[in-house]
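Dropping run_32.txt in here (compact mmCIF, C-alpha atoms):
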```
# COMPACT_ATOMS: atom_id res chain seq x y z
CA MET A 1409 27.57 -1.79 26.48
CA ASN A 1410 24.09 -0.77 25.36
CA PHE A 1411 21.64 -2.05 27.99
CA LEU A 1412 18.70 -0.77 25.97
CA GLU A 1413 19.46 -2.94 22.94
CA LYS A 1414 17.19 -5.96 22.71
CA THR A 1415 18.92 -9.34 22.45
CA LYS A 1416 18.04 -11.29 19.31
CA THR A 1417 16.78 -14.83 19.82
CA VAL A 1418 18.43 -17.44 17.56
CA ILE A 1419 17.01 -20.97 17.41
CA LEU A 1420 18.94 -23.92 16.00
CA VAL A 1421 16.47 -26.03 14.02
CA HIS A 1422 17.18 -29.77 13.68
CA GLN A 1423 15.14 -32.93 13.21
CA LYS A 1424 15.06 -34.01 16.88
CA MET A 1425 14.32 -30.60 18.37
CA PRO A 1426 11.31 -30.11 20.68
CA SER A 1427 8.40 -27.82 19.84
CA ILE A 1428 8.96 -24.14 20.55
CA PRO A 1429 6.80 -22.47 23.27
CA GLN A 1430 4.30 -19.95 22.01
CA GLY A 1431 5.45 -16.33 22.08
CA LYS A 1432 5.25 -13.00 20.32
CA GLU A 1433 8.91 -12.00 20.09
CA ARG A 1434 10.65 -12.15 16.72
CA ILE A 1435 13.18 -14.93 16.23
CA HIS A 1436 16.00 -15.93 13.88
CA ILE A 1437 16.30 -19.49 12.60
CA LEU A 1438 19.61 -21.30 12.07
CA LEU A 1439 19.11 -24.45 9.97
CA SER A 1440 21.22 -27.55 10.58
CA PRO A 1441 22.71 -29.41 7.56
CA GLN A 1442 19.71 -31.75 7.72
CA PHE A 1443 17.73 -29.11 5.80
CA TYR A 1444 20.12 -28.27 2.99
CA THR A 1445 22.77 -29.66 0.65
CA ILE A 1446 25.99 -27.83 -0.20
CA LYS A 1447 28.41 -27.99 -3.10
CA ARG A 1448 31.55 -26.00 -3.85
CA GLU A 1449 32.62 -25.09 -7.37
CA ALA A 1450 35.32 -22.81 -8.80
CA LEU A 1451 33.29 -21.15 -11.53
CA PRO A 1452 34.43 -18.25 -13.73
CA VAL A 1453 31.46 -16.02 -12.84
CA LYS A 1454 31.60 -12.67 -11.11
CA TYR A 1455 28.13 -12.10 -9.69
CA ALA A 1456 25.82 -14.10 -7.42
CA TYR A 1457 22.86 -13.97 -9.82
CA GLN A 1458 25.05 -15.59 -12.50
CA ALA A 1459 26.09 -18.35 -10.12
CA LYS A 1460 22.48 -18.94 -9.05
CA ARG A 1461 21.48 -19.59 -12.67
CA ILE A 1462 24.03 -22.39 -12.87
CA ALA A 1463 23.08 -23.93 -9.50
CA PRO A 1464 20.31 -26.33 -10.69
CA SER A 1465 22.65 -28.12 -13.09
CA LEU A 1466 25.28 -28.60 -10.36
CA PHE A 1467 22.87 -30.53 -8.12
CA GLU A 1468 21.51 -32.93 -10.75
CA GLY A 1469 21.25 -36.40 -9.21
CA LEU A 1470 22.11 -35.11 -5.70
CA LEU A 1471 18.67 -34.03 -4.51
CA GLU A 1472 15.51 -35.96 -3.73
CA GLU A 1473 13.07 -36.20 -6.61
CA GLY A 1474 9.52 -34.93 -6.31
CA GLN A 1475 10.47 -31.69 -4.53
CA SER A 1476 11.17 -28.21 -5.79
CA TYR A 1477 14.38 -26.55 -4.66
CA ARG A 1478 15.72 -23.05 -4.25
CA TYR A 1479 19.36 -22.05 -4.20
CA PHE A 1480 21.51 -19.76 -2.07
CA VAL A 1481 25.04 -18.83 -3.18
CA ILE A 1482 28.02 -17.46 -1.25
CA LYS A 1483 31.26 -16.11 -2.76
CA GLU A 1484 34.36 -17.75 -1.28
CA GLU A 1485 38.03 -17.05 -1.86
CA GLU A 1486 38.51 -19.88 -4.33
CA GLY A 1487 35.08 -20.08 -5.89
CA TRP A 1488 31.43 -20.33 -4.95
CA LEU A 1489 29.50 -22.19 -2.25
CA PHE A 1490 26.08 -23.40 -3.41
CA ILE A 1491 23.28 -24.29 -0.96
CA ALA A 1492 20.18 -26.14 -2.18
CA TYR A 1493 17.09 -26.24 0.05
CA SER A 1494 13.42 -27.20 -0.15
CA GLU A 1495 11.26 -24.33 1.03
CA GLU A 1496 8.25 -26.66 1.33
CA SER A 1497 10.09 -29.11 3.61
CA ILE A 1498 11.38 -26.33 5.88
CA THR A 1499 7.96 -24.69 6.13
CA THR A 1500 6.25 -28.00 6.94
CA PHE A 1501 8.78 -28.81 9.67
CA LEU A 1502 8.51 -25.38 11.30
CA LYS A 1503 4.72 -25.72 11.44
CA GLN A 1504 5.09 -29.14 13.07
CA LYS A 1505 7.27 -27.53 15.75
CA GLU A 1506 4.64 -24.80 16.27
CA ILE A 1507 6.85 -22.01 14.94
CA PRO A 1508 4.62 -19.49 13.09
CA LEU A 1509 6.31 -17.99 10.05
CA LEU A 1510 5.11 -14.55 11.16
CA ARG A 1511 7.46 -14.76 14.17
CA ILE A 1512 10.53 -15.37 12.00
CA ASP A 1513 12.76 -12.45 11.00
CA ASN A 1514 15.27 -14.36 8.90
CA ILE A 1515 16.41 -17.90 8.25
CA TYR A 1516 20.10 -18.79 7.93
CA PHE A 1517 22.10 -21.90 7.11
CA ALA A 1518 24.61 -23.18 9.67
CA GLN A 1519 27.26 -23.19 6.93
CA GLN A 1520 26.97 -19.38 6.74
CA SER A 1521 28.00 -19.17 10.41
CA LEU A 1522 31.21 -21.14 9.93
CA HIS A 1523 33.19 -18.35 11.63
CA ALA A 1524 31.21 -18.84 14.87
CA PHE A 1525 31.87 -22.58 15.21
CA THR A 1526 35.03 -22.19 17.30
CA ALA A 1527 33.75 -25.11 19.42
CA PRO A 1528 31.02 -27.77 19.01
CA VAL A 1529 27.34 -26.85 19.26
CA LYS A 1530 24.93 -29.36 20.79
CA MET A 1531 22.22 -30.61 18.46
CA GLY A 1532 19.89 -32.56 20.72
CA GLU A 1533 21.15 -35.13 23.22
CA GLU A 1534 23.26 -37.25 20.88
CA ASP A 1535 24.71 -35.13 18.07
CA ALA A 1536 26.70 -31.94 17.68
CA LEU A 1537 27.66 -29.48 14.95
CA VAL A 1538 31.36 -28.88 14.33
CA ASN A 1539 33.57 -27.12 11.81
CA LEU A 1540 35.15 -30.01 9.90
CA ASN A 1541 37.43 -28.97 7.02
CA GLU A 1542 35.57 -25.65 6.56
CA THR A 1543 32.20 -27.39 6.49
CA VAL A 1544 29.62 -27.40 9.29
CA THR A 1545 29.10 -31.12 9.89
CA ILE A 1546 26.96 -33.30 12.18
CA VAL A 1547 28.97 -35.69 14.40
CA PRO A 1548 28.01 -37.87 17.40
CA GLN A 1549 28.78 -36.22 20.73
CA SER A 1550 30.42 -39.51 21.76
CA ALA A 1551 33.08 -38.91 19.11
CA LEU A 1552 34.17 -35.63 20.72
CA PRO A 1553 36.78 -35.29 23.47
CA LEU A 1554 35.31 -35.61 26.96
CA GLU A 1555 36.53 -32.15 27.91
CA SER A 1556 34.79 -30.49 24.92
CA ARG A 1557 33.16 -27.17 25.68
CA PHE A 1558 29.88 -26.60 23.86
CA LEU A 1559 28.81 -23.23 22.50
CA ARG A 1560 25.35 -21.75 22.84
CA VAL A 1561 23.76 -20.47 19.62
CA ASP A 1562 23.27 -16.70 19.95
CA GLU A 1563 23.71 -13.45 18.00
CA ARG A 1564 27.28 -14.40 17.07
CA PHE A 1565 25.84 -16.97 14.69
CA ILE A 1566 23.77 -14.45 12.69
CA PRO A 1567 25.41 -13.82 9.28
CA LYS A 1568 24.85 -10.73 7.15
CA LYS A 1569 22.36 -12.24 4.74
CA GLY A 1570 19.56 -14.80 5.08
CA ILE A 1571 16.41 -16.00 3.36
CA ARG A 1572 12.70 -15.49 3.92
CA LEU A 1573 10.13 -18.18 3.27
CA GLU A 1574 7.23 -17.30 1.01
CA GLY A 1575 4.63 -19.44 2.75
CA GLU A 1576 1.14 -18.10 3.31
CA GLY A 1577 1.84 -17.41 6.97
CA ASN A 1578 4.69 -15.05 6.12
CA ARG A 1579 2.56 -12.81 3.94
CA TYR A 1580 -0.20 -10.47 4.96
CA PHE A 1581 -2.14 -11.52 1.87
CA GLY A 1582 -1.66 -13.82 -1.12
CA LYS A 1583 -0.44 -13.03 -4.60
CA LYS A 1584 -3.95 -12.77 -6.04
CA GLU A 1585 -4.97 -10.33 -3.31
CA ALA A 1586 -1.77 -8.38 -3.87
CA TYR A 1587 -2.60 -8.00 -7.57
CA VAL A 1588 -6.14 -6.85 -6.72
CA PHE A 1589 -4.90 -4.31 -4.19
CA SER A 1590 -2.27 -3.07 -6.64
CA ALA A 1591 -4.94 -2.52 -9.28
CA ILE A 1592 -7.19 -0.68 -6.80
CA PHE A 1593 -4.40 1.59 -5.57
CA LEU A 1594 -3.39 2.30 -9.17
CA LEU A 1595 -7.00 3.30 -9.88
CA PHE A 1596 -6.97 5.65 -6.90
CA ALA A 1597 -3.67 7.13 -8.04
CA ILE A 1598 -5.07 7.79 -11.52
CA MET A 1599 -8.24 9.32 -10.08
CA TYR A 1600 -6.20 11.47 -7.69
CA VAL A 1601 -3.98 12.80 -10.48
CA ALA A 1602 -6.97 13.36 -12.79
CA GLU A 1603 -8.89 15.23 -10.10
CA GLY A 1604 -5.82 17.31 -9.28
CA THR A 1605 -5.21 18.18 -12.94
CA ARG A 1606 -8.86 19.08 -13.51
CA TYR A 1607 -8.91 21.15 -10.35
CA LYS A 1608 -5.75 23.01 -11.32
CA LYS A 1609 -7.09 23.78 -14.79
CA ALA A 1610 -10.45 24.93 -13.41
CA THR A 1611 -8.76 27.19 -10.86
CA THR A 1612 -6.50 28.74 -13.50
CA VAL A 1613 -9.43 29.44 -15.83
CA GLU A 1614 -11.50 31.00 -13.05
CA LYS A 1615 -8.60 33.20 -11.94
CA GLU A 1616 -8.13 34.41 -15.53
CA LYS A 1617 -11.85 35.23 -15.75
CA LEU A 1618 -11.63 37.14 -12.49
CA GLU A 1619 -8.63 39.18 -13.64
CA THR A 1620 -10.37 40.01 -16.94
CA LEU A 1621 -13.50 41.03 -15.09
CA LEU A 1622 -11.56 43.31 -12.75
CA SER A 1623 -9.74 44.98 -15.61
CA GLN A 1624 -13.01 45.72 -17.43
CA TYR A 1625 -14.85 46.96 -14.35
CA PRO A 1626 -12.55 49.00 -12.09
CA THR A 1627 -15.32 49.43 -9.53
CA LEU A 1628 -14.87 45.78 -8.61
CA GLU A 1629 -11.47 46.67 -7.20
CA SER A 1630 -13.09 47.62 -3.94
CA SER A 1631 -12.07 45.27 -1.17
CA TYR A 1632 -15.67 44.39 -0.32
CA LYS A 1633 -16.64 43.23 -3.81
CA ARG A 1634 -13.30 41.53 -4.43
CA LYS A 1635 -13.72 39.58 -1.19
CA SER A 1636 -17.23 38.53 -2.23
CA ILE A 1637 -15.92 37.13 -5.52
CA LEU A 1638 -12.99 35.37 -3.90
CA ASP A 1639 -15.28 33.81 -1.29
CA THR A 1640 -17.36 32.33 -4.10
CA TYR A 1641 -14.36 30.61 -5.62
CA SER A 1642 -13.13 29.63 -2.18
CA VAL A 1643 -16.25 27.47 -1.78
CA ILE A 1644 -15.41 25.68 -5.03
CA ASP A 1645 -11.84 25.21 -3.86
CA LYS A 1646 -12.98 23.65 -0.55
CA LYS A 1647 -15.31 21.23 -2.33
CA GLU A 1648 -12.56 20.03 -4.65
CA ARG A 1649 -10.13 19.61 -1.79
CA LYS A 1650 -12.75 17.73 0.24
CA LYS A 1651 -13.33 15.36 -2.67
CA ARG A 1652 -9.63 14.63 -3.05
CA ASP A 1653 -9.21 14.10 0.70
CA SER A 1654 -12.16 11.70 0.69
CA ILE A 1655 -10.55 9.61 -2.08
CA LYS A 1656 -7.33 9.40 -0.05
CA ALA A 1657 -9.30 8.40 3.05
CA VAL A 1658 -11.15 5.61 1.22
CA SER A 1659 -7.86 4.19 -0.07
CA ARG A 1660 -6.78 3.69 3.58
CA MET A 1661 -9.90 1.62 4.21
CA ILE A 1662 -8.85 -1.06 1.71
CA PHE A 1663 -6.96 -3.81 3.52
CA LYS A 1664 -7.25 -7.54 4.16
CA GLY A 1665 -10.86 -8.35 4.97
CA SER A 1666 -12.20 -5.08 3.52
CA THR A 1667 -13.26 -4.99 -0.16
CA LEU A 1668 -14.32 -1.89 -2.10
CA ASN A 1669 -17.42 -2.90 -4.10
CA SER A 1670 -18.31 0.44 -5.68
CA LEU A 1671 -17.22 4.08 -5.76
CA ILE A 1672 -19.16 7.09 -7.09
CA VAL A 1673 -17.40 10.46 -7.36
CA ASP A 1674 -19.01 13.33 -9.24
CA SER A 1675 -20.13 16.91 -8.73
CA LYS A 1676 -23.25 15.82 -6.84
CA GLN A 1677 -22.06 13.05 -4.53
CA PHE A 1678 -19.24 10.97 -3.09
CA LYS A 1679 -20.25 7.45 -2.10
CA ALA A 1680 -18.26 4.25 -1.55
CA GLN A 1681 -19.61 0.79 -0.64
CA PHE A 1682 -17.48 -1.73 1.28
CA ALA A 1683 -17.95 -5.43 2.00
CA CYS A 1684 -16.28 -6.42 5.27
CA LYS A 1685 -15.25 -9.92 6.30
CA ASP A 1686 -16.68 -9.62 9.80
CA ALA A 1687 -17.95 -7.14 12.40
CA LYS A 1688 -14.42 -6.40 13.64
CA ILE A 1689 -13.28 -5.31 10.17
CA ALA A 1690 -16.48 -3.27 9.75
CA LYS A 1691 -15.80 -1.38 12.99
CA GLN A 1692 -12.25 -0.64 11.85
CA VAL A 1693 -13.54 0.79 8.54
CA GLN A 1694 -16.11 2.87 10.44
CA ARG A 1695 -13.38 4.24 12.69
CA LEU A 1696 -11.25 5.28 9.70
CA ALA A 1697 -14.30 6.93 8.11
CA LYS A 1698 -15.01 8.86 11.31
CA GLU A 1699 -11.40 10.06 11.47
CA ALA A 1700 -11.78 11.36 7.91
CA GLN A 1701 -15.07 13.06 8.85
CA LEU A 1702 -17.03 10.82 6.50
CA GLN A 1703 -20.49 9.45 7.19
CA THR A 1704 -21.11 5.70 7.41
CA GLY A 1705 -24.28 3.69 6.96
CA THR A 1706 -24.57 -0.02 7.79
CA LEU A 1707 -26.20 -2.53 5.44
CA LYS A 1708 -26.68 -6.28 5.90
CA ASN A 1709 -23.82 -8.77 6.31
CA ASN A 1710 -21.23 -6.15 7.38
CA HIS A 1711 -21.62 -4.06 4.22
CA LEU A 1712 -20.99 -0.34 4.71
CA ILE A 1713 -21.77 2.82 2.78
CA ILE A 1714 -19.27 5.66 3.14
CA GLU A 1715 -20.22 9.15 1.98
CA GLU A 1716 -19.53 12.79 2.67
CA GLN A 1717 -21.29 14.24 5.65
CA ALA A 1718 -24.00 16.77 4.93
CA GLN A 1719 -22.71 20.33 5.19
```

Could you spell out this file's structure in structure tokens?
Amino acid sequence: MNFLEKTKTVILVHQKMPSIPQGKERIHILLSPQFYTIKREALPVKYAYQAKRIAPSLFEGLLEEGQSYRYFVIKEEEGWLFIAYSEESITTFLKQKEIPLLRIDNIYFAQQSLHAFTAPVKMGEEDALVNLNETVTIVPQSALPLESRFLRVDERFIPKKGIRLEGEGNRYFGKKEAYVFSAIFLLFAIMYVAEGTRYKKATTVEKEKLETLLSQYPTLESSYKRKSILDTYSVIDKKERKKRDSIKAVSRMIFKGSTLNSLIVDSKQFKAQFACKDAKIAKQVQRLAKEAQLQTGTLKNNHLIIEEQAQ
């Protein structure tokens, strides 16, 4: 037994459940049949993505109108099991029960845990979940034998694969922000490659000039004069490296709440201007700039100027 392994918390979600106490630990959600509809079909398809394409037509007339549905498919011995669910309905219910989406690792359907239902599972004070003809079904507790032993939902009920909701709370930023960040990081990547290529070409040309110069003037072979020449090019090398490192550092300062408004990179200066959402974000950007040995200047409304420190 591994005493250091952390036990995973699994919560059975059903319509009559109480609100969940606030906490920081990650949880797994097991949905009762109240949140999904299943259908079994023996279809001549081999892969899950093929079965998922057929799913909408199989549920025509079986689902509530006015809602959008997603589909989860499971391969069974004699065909496919299709699960239809409304992401919007699940998200709304979880918020009502004070379960932040950021706390949720994965969400599973009770039908996926059929193997674990070796005995009934209590679902509130009146109902229970049981394995009835290979389907997880809700039955009244009064219909069960008096000596029934109830199982507690735990790690045994976690299947191999689950779903993740795409609600705003489960993302660090929205799709529009993601596109903007992607474009910015692509710009940095292009600039980084361009600077690297230009630097490499410049270094190669300068080395060739140096070798030609040494071959024409043998007196320059003396260690003193050679060192003087190399030191000159070493300064150029350090400047180029500093510029590339500064670009990498600025890319780390772009995150939610921090927007890059302008960036100037040339032979004379390196300057970036950020607009921060609040003072807390501004301090975080300043800290990152300090770690990268960059100089920061504060403007109004949490706007910052980042530039290379004077040498």

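The residue that comes closest to A:Glu1542, out of A:Glu1716, A:Asp1513, A:Glu1484, A:Glu1563 and on the basis of only C-alpha atoms, is A:Glu1484.
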
Nearest residue to A:Ser1440 from the set A:Leu1671, A:Leu1696, A:Ile1491, A:Leu1420 (distances using only C-alpha atoms): A:Leu1420

Close residues, A:Arg1448 itself excluded, 12 Å, all atoms listed in the file, min 2 positions apart in chain, as an mmCIF file with C-alpha atoms, in the frame of the given file:
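Listed below is the output, around16.cif:
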```cif
data_model
loop_
_atom_site.group_PDB
_atom_site.id
_atom_site.type_symbol
_atom_site.label_atom_id
_atom_site.label_comp_id
_atom_site.auth_asym_id
_atom_site.auth_seq_id
_atom_site.Cartn_x
_atom_site.Cartn_y
_atom_site.Cartn_z
ATOM 1 C CA THR A 1445 22.770 -29.660 0.650
ATOM 2 C CA ILE A 1446 25.990 -27.830 -0.200
ATOM 3 C CA ALA A 1450 35.320 -22.810 -8.800
ATOM 4 C CA LEU A 1451 33.290 -21.150 -11.530
ATOM 5 C CA ALA A 1459 26.090 -18.350 -10.120
ATOM 6 C CA ALA A 1463 23.080 -23.930 -9.500
ATOM 7 C CA LEU A 1466 25.280 -28.600 -10.360
ATOM 8 C CA PHE A 1467 22.870 -30.530 -8.120
ATOM 9 C CA PHE A 1480 21.510 -19.760 -2.070
ATOM 10 C CA VAL A 1481 25.040 -18.830 -3.180
ATOM 11 C CA ILE A 1482 28.020 -17.460 -1.250
ATOM 12 C CA LYS A 1483 31.260 -16.110 -2.760
ATOM 13 C CA GLU A 1484 34.360 -17.750 -1.280
ATOM 14 C CA GLU A 1485 38.030 -17.050 -1.860
ATOM 15 C CA GLU A 1486 38.510 -19.880 -4.330
ATOM 16 C CA GLY A 1487 35.080 -20.080 -5.890
ATOM 17 C CA TRP A 1488 31.430 -20.330 -4.950
ATOM 18 C CA LEU A 1489 29.500 -22.190 -2.250
ATOM 19 C CA PHE A 1490 26.080 -23.400 -3.410
ATOM 20 C CA ILE A 1491 23.280 -24.290 -0.960
ATOM 21 C CA ALA A 1492 20.180 -26.140 -2.180
ATOM 22 C CA GLN A 1519 27.260 -23.190 6.930
ATOM 23 C CA GLU A 1542 35.570 -25.650 6.560
ATOM 24 C CA THR A 1543 32.200 -27.390 6.490
#
```

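Comparing the minimum interatomic distances between A:Pro1528 and each of A:Ile1507, A:Ile1662, A:Val1561, A:Ile1512, counting all atoms listed in the file, we find that A:Val1561 sits nearest.
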
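For the set A:Thr1612, A:Glu1715, A:Glu1555, A:Thr1415, the residue with the smallest atom-to-atom gap to A:Lys1650 is A:Glu1715, counting all atoms listed in the file.
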
Which of A:Tyr1444, A:Tyr1493, A:Tyr1457, A:Phe1558 sits closest to A:Ala1518 [using only C-alpha atoms]: A:Tyr1444

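Atom to atom, atom CA of A:Leu1554 and atom CA of A:Asn1539 stand 17.5 Å apart.
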
10 Å contact set for A:Glu1533, all atoms listed in the file, chain neighbours under 5 positions out, as an mmCIF file with C-alpha atoms, in the coordinates of the input:
```cif
data_model
loop_
_atom_site.group_PDB
_atom_site.id
_atom_site.type_symbol
_atom_site.label_atom_id
_atom_site.label_comp_id
_atom_site.auth_asym_id
_atom_site.auth_seq_id
_atom_site.Cartn_x
_atom_site.Cartn_y
_atom_site.Cartn_z
ATOM 1 C CA LYS A 1424 15.060 -34.010 16.880
ATOM 2 C CA MET A 1425 14.320 -30.600 18.370
ATOM 3 C CA PRO A 1548 28.010 -37.870 17.400
ATOM 4 C CA GLN A 1549 28.780 -36.220 20.730
#
```

Point-to-point distance from atom CA of A:Tyr1477 to atom CA of A:Ala1524, Å rounded to tenths: 26.9 Å

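When only C-alpha atoms are used to measure the gap to A:Glu1648, the shortest distance among A:Ile1598, A:Val1673, A:Met1661, A:Ile1435 belongs to A:Val1673.
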
Interatomic distance (Å, one decimal) between atom CA of A:Arg1652 and atom CA of A:Asn1710: 26.0 Å

Surrounding residues of A:Ser1521 excluding itself and chain neighbours under 2 positions, 10 Å, only C-alpha atoms, as a VMD selection string: chain A and resid 1438 1516 to 1519 1523 to 1525 1539 1544 1564 to 1568

Can I get the selection written as an mmCIF file, keeping the file's coordinate frame, with C-alpha atoms?
```cif
data_model
loop_
_atom_site.group_PDB
_atom_site.id
_atom_site.type_symbol
_atom_site.label_atom_id
_atom_site.label_comp_id
_atom_site.auth_asym_id
_atom_site.auth_seq_id
_atom_site.Cartn_x
_atom_site.Cartn_y
_atom_site.Cartn_z
ATOM 1 C CA LEU A 1438 19.610 -21.300 12.070
ATOM 2 C CA TYR A 1516 20.100 -18.790 7.930
ATOM 3 C CA PHE A 1517 22.100 -21.900 7.110
ATOM 4 C CA ALA A 1518 24.610 -23.180 9.670
ATOM 5 C CA GLN A 1519 27.260 -23.190 6.930
ATOM 6 C CA HIS A 1523 33.190 -18.350 11.630
ATOM 7 C CA ALA A 1524 31.210 -18.840 14.870
ATOM 8 C CA PHE A 1525 31.870 -22.580 15.210
ATOM 9 C CA ASN A 1539 33.570 -27.120 11.810
ATOM 10 C CA VAL A 1544 29.620 -27.400 9.290
ATOM 11 C CA ARG A 1564 27.280 -14.400 17.070
ATOM 12 C CA PHE A 1565 25.840 -16.970 14.690
ATOM 13 C CA ILE A 1566 23.770 -14.450 12.690
ATOM 14 C CA PRO A 1567 25.410 -13.820 9.280
ATOM 15 C CA LYS A 1568 24.850 -10.730 7.150
#
```
